Protein chains: 2
Amino acid sequence: MGVVRTVMIAVTDDHRLSTGLRDESSSSVVVTRSVFGMAERPRRRIPDATVARLPIYLRILHDLVENEITGISSEQLAELAAVNAAKVRKDLSYLGSYGTRGIGYEVRYLVFQIERELGLNHEWPVVIVGAGNLGQALSGYGGFGQKGFPVAGVVDIDPAKIGGVVGGVRVRHIDELPQVVASRQVAIGVVAVPADAAQDAADRLVKAGITSILNFSPVVLTLPFGIHVRTVDLALELQILSYHEQQRQTRQAAIVSSKSASA
Amino acid sequence: MGVVRTVMIAVTDDHRLSTGLRDESSSSVVVTRSVFGMAERPRRRIPDATVARLPIYLRILHDLVENEITGISSEQLAELAAVNAAKVRKDLSYLGSYGTRGIGYEVRYLVFQIERELGLNHEWPVVIVGAGNLGQALSGYGGFGQKGFPVAGVVDIDPAKIGGVVGGVRVRHIDELPQVVASRQVAIGVVAVPADAAQDAADRLVKAGITSILNFSPVVLTLPFGIHVRTVDLALELQILSYHEQQRQTRQAAIVSSKSASA
């Protein structure tokens with residue numbers, strides 16, 4: 001109603017950003033939830049393919065930091081990530097990073113930018129549904145906690161599994177999912193159950209308030225609009241490899257037969 | 001040397017193709033390895049992104065076959081695969097499939113074409129390195145065998161694990177890898193060991209003759225040129241989800257603060 005609103009931005013010394021929305025007519029600053037603090041600039045829609053490459057760049061950049069390498073060119077980063085340099089430059093431009101001609105990118109700042117973009121400057125507790133071999137493998141997988149995804153809970157439907165300790169947490173009954181989710185503000189659920197139980201597990205996660213799901217069952221989940229799902233289909237990865245194997249064998253066979261024919 | 005060579009193609013009734021290379025000067029037909037039989041047409045290079053989507057289309061098409069659906073439009077397939085229709089049409093055009101205007105694609109033929117392209121008309125035995133929770137989860141994962149990737153062997157370095165039965169096969173010592181690979185003509189190896197053992201596992205697989213690796217360790221493997229690697233980095237998938245969670249929370253916070261400001 002004629003009120004001028006401006007977004008206030010404050011960069012603190014640890015690079016965390018706090019944002020307030022200022023109502024000019026009253027001069028009061030409405031400080032929003034801390035997570036909003038990360039939105040220090042207008043959000044552009046980043047293409048999914050770029051989002052999927054950012055963690056790959058990040059892994060490489062972390063390695064560089066460990067090896068005390070401070071700068072990298074788009075060509076070098078491209079080679080390490082197995083994409084082309086133009087794509088690297090385009091991807092990083094979405095973060096507002098353009099590098100310096102002849103010098104490249106500053107590694108630590110790029111790490112900061114990617115982590116900020118991916119929301120990795122705070123923790124995202126996860127809950128795992130399924131305490132079988134896969135659930136155990138996932139909860140025991142050190143990378144989760146280290147990378148900012150601590151396992152907040154593991155649930156199962158099998159009475160024989162409930163009460164056991166998996167990945168350092170006690171397995172609880174799947175009916176307790178809402179409490180687990182609420183108590184640790186879990187946003188991400190992991191489906192590690194057999195295919196025929198996957199849809200039910202996903203439905204229960206959504207009901208409990210989960211909005212992102214990492215699915216390891218080889219099924220297409222039907223979920224309400226707005227729920228993000230990543231499916232890791234292990235057979236799918238193998239199918240991509242079999243394509244390359246077939247290509248290889250075809251080429252080899254062509255060489256063999258070409259030699260035979262000219263012999 | 002002035003020799004005219006033509007490629008002979010024979011389509012057998014089970015859609016398997018046998019190919020021979022004919023040397024016109026001698027009229028002898030050099031029959032190459034059976035795998036060459038699949039190369040019934042000149043191989044075009046299919047973009048990696050398309051190759052990665054083919055298994056997704058295939059999974060959807062298999063569901064359609066099960067539900068006795070015989071035809072599908074590019075729009076429908078696009079919706080089920082969560083890509084756009086133009087991309088679906090482009091992807092399928094690499095297989096030589098263009099659909100019929102107003103009718104779409106014949107489901108069973110598309111299944112046949114994708115399976116042929118991915119090399120799924122024969123089995124690709126896999127060997128799993130690592131008999132821990134992840135190795136057990138993978139070998140027990142029914143999808144592997146069903147989808148044409150039978151587990152030919154599981155190896156480990158830990159004496160306590162050797163001799164045990166995992167996924168129906170006896171765990172053998174990692175030193176026996178060359179025999180396992182040779183005896184079952186394994187082309188694909190799966191790395192399911194902790195991060196610090198992953199490079200060694202991969203090196204041993206390559207030494208044993210493996211040319212494609214599915215890597216579950218969160219490390220970038222250094223391998224000779226020509227070895228295909230797919231890395232399933234579980235934390236990476238979570239990072240993609242955390243991006244979307246952050247976007248969601250930012251939007252929600254913006255709505256909340258906008259309401260607060262105008263209140």
# chains A, B, ... in the order shown; residues from 1 in each chain; ligands from 1
call {"tool": "interface_residues", "arguments": {"of": "chain A", "to": "chain B", "cutoff": "6 Å", "atoms": "only C-alpha atoms", "output": "list in words"}}
result
Thr32, Phe36, Pro55, Leu118, Gly119, Asn133, Leu134, Ala137, Phe144, Ala235, Leu236, Ser242, Tyr243, Gln246, Thr250, Ala253, Ser257 and Ala261 of chain A
call {"tool": "select_by_dssp", "arguments": {"residues": "stretch 61-155 of chain B", "states": "strand (DSSP E or B)", "output": "list in words"}}
result
Gly71, Ile72, Thr100, Gly104, Tyr105, Glu106, Val126, Val127, Ile128, Val129, Val151, Ala152, Gly153, Val154 and Val155 of chain B
call {"tool": "write_last_selection", "arguments": {"atoms": "C-alpha atoms", "output": "PDB file, in the first residue's frame"}}
result
ATOM      1  CA  GLY B  71       2.038 -46.736 -27.898  1.00  0.00           C
ATOM      2  CA  ILE B  72       3.281 -43.496 -26.353  1.00  0.00           C
ATOM      3  CA  THR B 100       4.632 -41.290 -36.132  1.00  0.00           C
ATOM      4  CA  GLY B 104       3.871 -41.513 -31.287  1.00  0.00           C
ATOM      5  CA  TYR B 105       6.199 -44.417 -30.692  1.00  0.00           C
ATOM      6  CA  GLU B 106       5.573 -48.152 -30.623  1.00  0.00           C
ATOM      7  CA  VAL B 126      29.912 -57.837 -12.764  1.00  0.00           C
ATOM      8  CA  VAL B 127      32.456 -58.354 -10.008  1.00  0.00           C
ATOM      9  CA  ILE B 128      32.095 -56.488  -6.729  1.00  0.00           C
ATOM     10  CA  VAL B 129      35.169 -55.448  -4.752  1.00  0.00           C
ATOM     11  CA  VAL B 151      27.073 -60.878  -9.894  1.00  0.00           C
ATOM     12  CA  ALA B 152      29.890 -63.129 -11.101  1.00  0.00           C
ATOM     13  CA  GLY B 153      31.962 -62.657  -7.993  1.00  0.00           C
ATOM     14  CA  VAL B 154      32.554 -60.737  -4.787  1.00  0.00           C
ATOM     15  CA  VAL B 155      36.096 -60.216  -3.517  1.00  0.00           C
TER      16      VAL B 155
END
call {"tool": "residues_around", "arguments": {"residues": "B:Leu177", "least_positions_apart": "2", "cutoff": "12 Å", "atoms": "only C-alpha atoms", "output": "VMD selection string"}}
result
chain B and resid 126 to 130 152 to 157 171 to 175 179 to 186 189 201 to 210
call {"tool": "select_by_dssp", "arguments": {"residues": "stretch 128-174 of chain A", "states": "helix (DSSP H, G or I)", "output": "list of chain:residue names"}}
result
A:Asn133, A:Leu134, A:Gly135, A:Gln136, A:Ala137, A:Leu138, A:Ser139, A:Gly140, A:Gly143, A:Phe144, A:Gly145, A:Gln146, A:Ile174
call {"tool": "decode", "arguments": {"residues": "stretch 215-260 of chain A", "atoms": "N, CA and C atoms", "output": "compact mmCIF listing (two decimals), in the first residue's frame"}}
result
# COMPACT_ATOMS: atom_id res chain seq x y z
N ASN A 215 16.12 -41.48 -3.27
CA ASN A 215 15.50 -42.79 -3.41
C ASN A 215 16.46 -43.81 -4.02
N PHE A 216 16.68 -44.90 -3.32
CA PHE A 216 17.55 -45.96 -3.82
C PHE A 216 16.79 -47.14 -4.38
N SER A 217 15.46 -47.06 -4.40
CA SER A 217 14.68 -48.17 -4.94
C SER A 217 14.47 -47.96 -6.43
N PRO A 218 14.54 -49.04 -7.20
CA PRO A 218 14.41 -48.90 -8.65
C PRO A 218 12.96 -48.74 -9.08
N VAL A 219 12.28 -47.76 -8.48
CA VAL A 219 10.89 -47.49 -8.85
C VAL A 219 10.72 -45.98 -9.04
N VAL A 220 9.75 -45.63 -9.88
CA VAL A 220 9.42 -44.22 -10.05
C VAL A 220 8.39 -43.89 -8.98
N LEU A 221 8.73 -43.00 -8.07
CA LEU A 221 7.83 -42.64 -6.98
C LEU A 221 6.81 -41.61 -7.45
N THR A 222 5.58 -41.79 -7.00
CA THR A 222 4.52 -40.81 -7.29
C THR A 222 4.37 -39.95 -6.06
N LEU A 223 4.68 -38.65 -6.21
CA LEU A 223 4.69 -37.78 -5.03
C LEU A 223 4.01 -36.45 -5.34
N PRO A 224 3.53 -35.77 -4.33
CA PRO A 224 2.85 -34.49 -4.56
C PRO A 224 3.81 -33.49 -5.21
N PHE A 225 3.24 -32.54 -5.91
CA PHE A 225 4.00 -31.48 -6.54
C PHE A 225 4.84 -30.75 -5.49
N GLY A 226 6.07 -30.45 -5.83
CA GLY A 226 6.89 -29.67 -4.91
C GLY A 226 7.86 -30.51 -4.10
N ILE A 227 7.67 -31.82 -4.11
CA ILE A 227 8.62 -32.69 -3.41
C ILE A 227 9.75 -33.04 -4.38
N HIS A 228 10.98 -32.78 -3.96
CA HIS A 228 12.12 -33.08 -4.82
C HIS A 228 12.61 -34.50 -4.59
N VAL A 229 12.80 -35.23 -5.67
CA VAL A 229 13.28 -36.60 -5.56
C VAL A 229 14.51 -36.78 -6.43
N ARG A 230 15.54 -37.42 -5.89
CA ARG A 230 16.67 -37.90 -6.68
C ARG A 230 16.67 -39.41 -6.55
N THR A 231 16.61 -40.09 -7.66
CA THR A 231 16.65 -41.54 -7.61
C THR A 231 18.01 -42.03 -8.04
N VAL A 232 18.64 -42.82 -7.19
CA VAL A 232 19.90 -43.46 -7.55
C VAL A 232 19.55 -44.89 -7.94
N ASP A 233 19.46 -45.12 -9.24
CA ASP A 233 19.13 -46.45 -9.72
C ASP A 233 20.43 -47.13 -10.11
N LEU A 234 20.80 -48.13 -9.32
CA LEU A 234 22.11 -48.73 -9.52
C LEU A 234 22.19 -49.45 -10.85
N ALA A 235 21.08 -50.08 -11.24
CA ALA A 235 21.09 -50.79 -12.53
C ALA A 235 21.26 -49.78 -13.67
N LEU A 236 20.68 -48.61 -13.49
CA LEU A 236 20.78 -47.55 -14.50
C LEU A 236 22.24 -47.17 -14.76
N GLU A 237 23.00 -47.05 -13.68
CA GLU A 237 24.41 -46.72 -13.84
C GLU A 237 25.13 -47.82 -14.61
N LEU A 238 24.76 -49.07 -14.31
CA LEU A 238 25.38 -50.19 -15.02
C LEU A 238 25.00 -50.18 -16.49
N GLN A 239 23.78 -49.75 -16.78
CA GLN A 239 23.34 -49.71 -18.18
C GLN A 239 24.13 -48.68 -18.97
N ILE A 240 24.51 -47.60 -18.31
CA ILE A 240 25.33 -46.60 -19.00
C ILE A 240 26.72 -47.18 -19.28
N LEU A 241 27.23 -47.95 -18.33
CA LEU A 241 28.53 -48.59 -18.54
C LEU A 241 28.44 -49.65 -19.65
N SER A 242 27.34 -50.38 -19.68
CA SER A 242 27.25 -51.43 -20.70
C SER A 242 27.20 -50.82 -22.10
N TYR A 243 26.62 -49.62 -22.20
CA TYR A 243 26.65 -48.92 -23.49
C TYR A 243 28.10 -48.72 -23.94
N HIS A 244 28.92 -48.21 -23.02
CA HIS A 244 30.31 -47.94 -23.38
C HIS A 244 31.08 -49.23 -23.65
N GLU A 245 30.77 -50.27 -22.87
CA GLU A 245 31.43 -51.57 -23.11
C GLU A 245 31.09 -52.09 -24.50
N GLN A 246 29.81 -51.96 -24.85
CA GLN A 246 29.41 -52.44 -26.17
C GLN A 246 30.11 -51.65 -27.27
N GLN A 247 30.19 -50.33 -27.08
CA GLN A 247 30.88 -49.49 -28.06
C GLN A 247 32.33 -49.95 -28.21
N ARG A 248 32.95 -50.22 -27.06
CA ARG A 248 34.35 -50.63 -27.07
C ARG A 248 34.52 -51.95 -27.83
N GLN A 249 33.66 -52.90 -27.48
CA GLN A 249 33.79 -54.21 -28.09
C GLN A 249 33.49 -54.16 -29.59
N THR A 250 32.59 -53.28 -29.95
CA THR A 250 32.27 -53.11 -31.37
C THR A 250 33.48 -52.57 -32.13
N ARG A 251 34.13 -51.58 -31.52
CA ARG A 251 35.32 -51.01 -32.14
C ARG A 251 36.43 -52.04 -32.27
N GLN A 252 36.62 -52.81 -31.18
CA GLN A 252 37.67 -53.83 -31.19
C GLN A 252 37.38 -54.87 -32.25
N ALA A 253 36.13 -55.29 -32.31
CA ALA A 253 35.74 -56.30 -33.28
C ALA A 253 35.98 -55.79 -34.70
N ALA A 254 35.70 -54.49 -34.89
CA ALA A 254 35.89 -53.88 -36.21
C ALA A 254 37.36 -53.91 -36.59
N ILE A 255 38.22 -53.65 -35.60
CA ILE A 255 39.66 -53.67 -35.87
C ILE A 255 40.11 -55.09 -36.20
N VAL A 256 39.64 -56.05 -35.38
CA VAL A 256 40.00 -57.45 -35.58
C VAL A 256 39.58 -57.91 -36.97
N SER A 257 38.31 -57.60 -37.33
CA SER A 257 37.82 -58.11 -38.60
C SER A 257 38.46 -57.38 -39.78
N SER A 258 38.80 -56.13 -39.56
CA SER A 258 39.48 -55.39 -40.61
C SER A 258 40.85 -56.00 -40.87
N LYS A 259 41.52 -56.38 -39.78
CA LYS A 259 42.83 -57.04 -39.91
C LYS A 259 42.68 -58.38 -40.60
N SER A 260 41.66 -59.15 -40.18
CA SER A 260 41.43 -60.47 -40.76
C SER A 260 41.19 -60.35 -42.26
